[in-house]
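A.B. asks: The structure file start28.txt (compact mmCIF, C-alpha atoms) is provided below.
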```
# COMPACT_ATOMS: atom_id res chain seq x y z
CA MET A 1 0.00 0.00 0.00
CA SER A 2 1.41 3.39 -0.95
CA SER A 3 0.89 6.77 0.63
CA SER A 4 0.28 10.05 -1.15
CA SER A 5 3.66 11.28 0.09
CA ASP A 6 5.38 8.42 -1.77
CA ALA A 7 3.50 9.39 -4.94
CA GLU A 8 4.48 13.02 -4.45
CA ILE A 9 8.14 12.07 -4.04
CA VAL A 10 8.08 10.05 -7.27
CA GLU A 11 6.34 12.87 -9.13
CA ARG A 12 8.84 15.48 -7.89
CA ILE A 13 11.82 13.34 -8.90
CA LEU A 14 10.44 12.52 -12.37
CA ASN A 15 9.66 16.21 -12.90
CA PHE A 16 13.16 17.21 -11.79
CA ASP A 17 14.84 16.12 -15.04
CA ALA A 18 13.62 14.37 -18.20
CA ARG A 19 16.74 12.16 -18.21
CA ILE A 20 15.48 10.33 -15.11
CA ARG A 21 14.08 7.10 -16.56
CA TYR A 22 12.78 5.33 -13.48
CA CYS A 23 11.84 6.34 -9.96
CA ALA A 24 10.29 4.17 -7.27
CA VAL A 25 9.88 4.09 -3.53
CA VAL A 26 10.72 0.54 -2.43
CA ASP A 27 10.79 -1.38 0.83
CA PRO A 28 13.94 -3.17 2.11
CA ASP A 29 12.97 -6.29 0.14
CA GLY A 30 12.84 -4.38 -3.14
CA GLN A 31 9.04 -4.38 -3.32
CA VAL A 32 7.76 -1.29 -5.19
CA LEU A 33 5.48 0.80 -2.98
CA GLU A 34 5.02 3.58 -5.53
CA GLY A 35 6.46 4.63 -8.87
CA GLY A 36 7.99 3.01 -11.87
CA MET A 37 9.25 3.73 -15.38
CA ARG A 38 8.75 7.16 -16.93
CA GLU A 39 5.77 7.14 -19.27
CA GLY A 40 6.79 6.40 -22.85
CA LEU A 41 10.04 4.61 -21.93
CA SER A 42 10.72 0.89 -21.79
CA PRO A 43 12.96 -0.86 -19.25
CA LEU A 44 16.39 -1.90 -20.46
CA GLU A 45 16.31 -5.11 -18.39
CA PRO A 46 14.01 -8.11 -18.92
CA ALA A 47 10.84 -7.84 -16.81
CA ASN A 48 11.81 -10.88 -14.73
CA GLN A 49 14.99 -9.08 -13.58
CA THR A 50 13.43 -5.86 -12.30
CA LYS A 51 12.66 -7.22 -8.80
CA VAL A 52 16.18 -8.71 -8.58
CA ILE A 53 17.74 -5.34 -9.46
CA LEU A 54 15.57 -3.50 -6.92
CA THR A 55 16.44 -6.00 -4.20
CA ARG A 56 20.15 -5.67 -4.97
CA SER A 57 19.76 -1.89 -4.83
CA THR A 58 18.51 -2.02 -1.26
CA LEU A 59 21.23 -4.54 -0.36
CA ILE A 60 23.86 -2.02 -1.44
CA MET A 61 22.59 0.28 1.28
CA LYS A 62 22.42 -2.50 3.87
CA MET A 63 25.98 -3.64 3.13
CA PHE A 64 27.39 -0.41 4.51
CA GLU A 65 25.34 -0.31 7.73
CA ALA A 66 28.24 -1.91 9.61
CA SER A 67 30.35 1.21 9.03
CA GLU A 68 27.68 3.60 10.30
CA GLU A 69 29.28 3.68 13.75
CA PHE A 70 32.36 5.28 12.15
CA PHE A 71 30.87 7.38 9.33
CA GLY A 72 27.25 7.99 10.26
CA ALA A 73 24.09 6.77 8.55
CA VAL A 74 24.21 5.60 4.96
CA LYS A 75 22.23 8.17 2.98
CA ALA A 76 22.78 7.15 -0.66
CA ALA A 77 24.67 4.95 -3.08
CA MET A 78 25.29 5.21 -6.79
CA VAL A 79 26.31 2.71 -9.47
CA LEU A 80 27.41 3.90 -12.90
CA HIS A 81 26.75 1.49 -15.75
CA GLU A 82 27.56 2.21 -19.39
CA SER A 83 23.90 2.74 -20.26
CA ILE A 84 22.39 4.06 -16.98
CA VAL A 85 23.18 5.53 -13.60
CA LEU A 86 21.44 3.79 -10.69
CA ALA A 87 21.01 5.78 -7.49
CA VAL A 88 19.55 4.60 -4.18
CA LEU A 89 18.61 7.05 -1.43
CA ALA A 90 17.44 6.20 2.07
CA LEU A 91 14.09 7.84 2.80
CA SER A 92 13.79 6.05 6.16
CA GLN A 93 14.78 2.74 7.74
CA SER A 94 12.01 1.03 5.81
CA LYS A 95 11.90 2.96 2.53
CA PHE A 96 14.37 3.62 -0.25
CA LEU A 97 14.17 5.72 -3.39
CA VAL A 98 15.58 3.93 -6.44
CA ILE A 99 16.30 6.06 -9.48
CA SER A 100 17.80 5.25 -12.85
CA CYS A 101 18.78 7.90 -15.34
CA ASP A 102 20.65 8.54 -18.52
CA PRO A 103 24.44 8.67 -17.98
CA SER A 104 24.47 12.26 -19.31
CA PHE A 105 22.66 13.26 -16.12
CA PHE A 106 25.39 13.27 -13.51
CA VAL A 107 23.37 12.60 -10.41
CA ASN A 108 23.90 14.99 -7.55
CA LEU A 109 22.61 12.74 -4.76
CA THR A 110 22.42 15.51 -2.19
CA GLN A 111 20.31 17.63 -4.53
CA LEU A 112 18.01 14.69 -5.40
CA SER A 113 17.62 13.93 -1.71
CA GLU A 114 16.47 17.51 -1.12
CA VAL A 115 14.00 17.29 -4.01
CA ALA A 116 12.58 14.07 -2.57
CA LYS A 117 12.19 15.61 0.87
CA SER A 118 11.01 19.12 0.12
CA GLY A 119 10.31 19.50 -3.57
CA SER A 120 13.11 22.02 -4.18
CA PRO A 121 16.88 21.62 -4.59
```
Do you think you could lay out the structure here as structure tokens?
C.D. replies:
Amino acid sequence: MSSSSDAEIVERILNFDARIRYCAVVDPDGQVLEGGMREGLSPLEPANQTKVILTRSTLIMKMFEASEEFFGAVKAAMVLHESIVLAVLALSQSKFLVISCDPSFFVNLTQLSEVAKSGSP
């Protein structure tokens, strides 16, 4: 079940830049709570791999929890592929924002985090 605030976050992120291909709020298991692919675009991965990719995205964040005592809370992670940039931002302990975008859009994670939270960079 999604909340209107999740839908608002997705809308703000997709409106932030046309090069953002995908935006979803997901739970720690990679289950989509709200969001998806930008209208008019098709996923690059096979449909049966989307859940696997989302689950791995949340695992990236979890992998670094052990170092939080030294560096503070994990706020975001980014993976650069040849064809996309994948960014994961922690919205809370139980929600993550997963974004994929064109590589020409160099993701400023701090700015995207502010857009997700408040609607302005």
A.B. asks: From the set A:Glu39, A:Glu69, A:Asp17, A:Asp27, which residue has the shortest atom-to-atom contact distance to Ser104 (chain A), counting all atoms listed in the file?
C.D. replies: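 Checking each of A:Glu39, A:Glu69, A:Asp17, A:Asp27 against Ser104 (chain A), counting all atoms listed in the file, the winner is A:Asp17.
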A.B. asks: For region 84-88 of chain A, find every residue with an atom within 8 Å (counting all atoms listed in the file), except residues of its own chain fewer than 6 positions away, and show them as a PyMOL selection string.
C.D. replies: chain A and resi 57-58+61+76-78+96-103+107+109
A.B. asks: If we count only C-alpha atoms, what is near Pro28 (chain A) at a cut-off of 9 Å, once residues fewer than 6 positions away on the same chain are taken out, given as a PyMOL selection string?
C.D. replies: chain A and resi 55+58-59+62+93-96
A.B. asks: For Val26 (chain A), which residue among A:Leu89, A:Leu14, A:Met63, A:Leu80 is the nearest when counting all atoms listed in the file?
C.D. replies: A:Leu89
A.B. asks: List every protein, DNA or RNA residue with an atom no more than 9 Å from (7.7, 12.5, -1.6) in the file's coordinates, counting only C-alpha atoms, and format the result as a list in words.
C.D. replies: Ser4, Ser5, Asp6, Ala7, Glu8, Ile9, Val10, Glu11, Arg12, Ile13, Val25, Val115, Ala116, Lys117, Ser118 and Gly119 of chain A
A.B. asks: Record the distance separating CA of Pro43 (chain A) and CA of His81 (chain A), expressed in Å with one decimal.
C.D. replies: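 Spanning CA of Pro43 (chain A) to CA of His81 (chain A) is a straight-line distance of 14.4 Å.
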A.B. asks: Could you state the separation of CA of Ile20 (chain A) and CA of Glu68 (chain A) in Å, given to one decimal place?
C.D. replies: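 CA of Ile20 (chain A) sits 29.0 Å away from CA of Glu68 (chain A).
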A.B. asks: What does the structure give for the distance between CA of Gly40 (chain A) and CA of Leu91 (chain A), in Å to one decimal?
C.D. replies: 26.7 Å
A.B. asks: Measuring between only C-alpha atoms, which one of A:Phe16, A:Pro46, A:Ala24, A:Ser83 shows the shortest distance to Glu114 (chain A)?
C.D. replies: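 The closest residue to Glu114 (chain A) is A:Phe16.
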A.B. asks: Restricting the calculation to all atoms listed in the file, which member of A:Ala90, A:Phe105, A:Leu112, A:Thr50 is positioned closest to Gln31 (chain A)?
C.D. replies: A:Thr50
A.B. asks: Hey, which of A:Ala73, A:Ile53, A:Tyr22, A:Asn15 ends up closest to Glu34 (chain A)? Count only C-alpha atoms.
C.D. replies: A:Tyr22
A.B. asks: Restricting the calculation to all atoms listed in the file: of A:Ala47, A:Ile60, A:Ala66, A:Leu54, which residue gets closest to Cys23 (chain A)?
C.D. replies: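 So, comparing all the options, the nearest one is A:Leu54.
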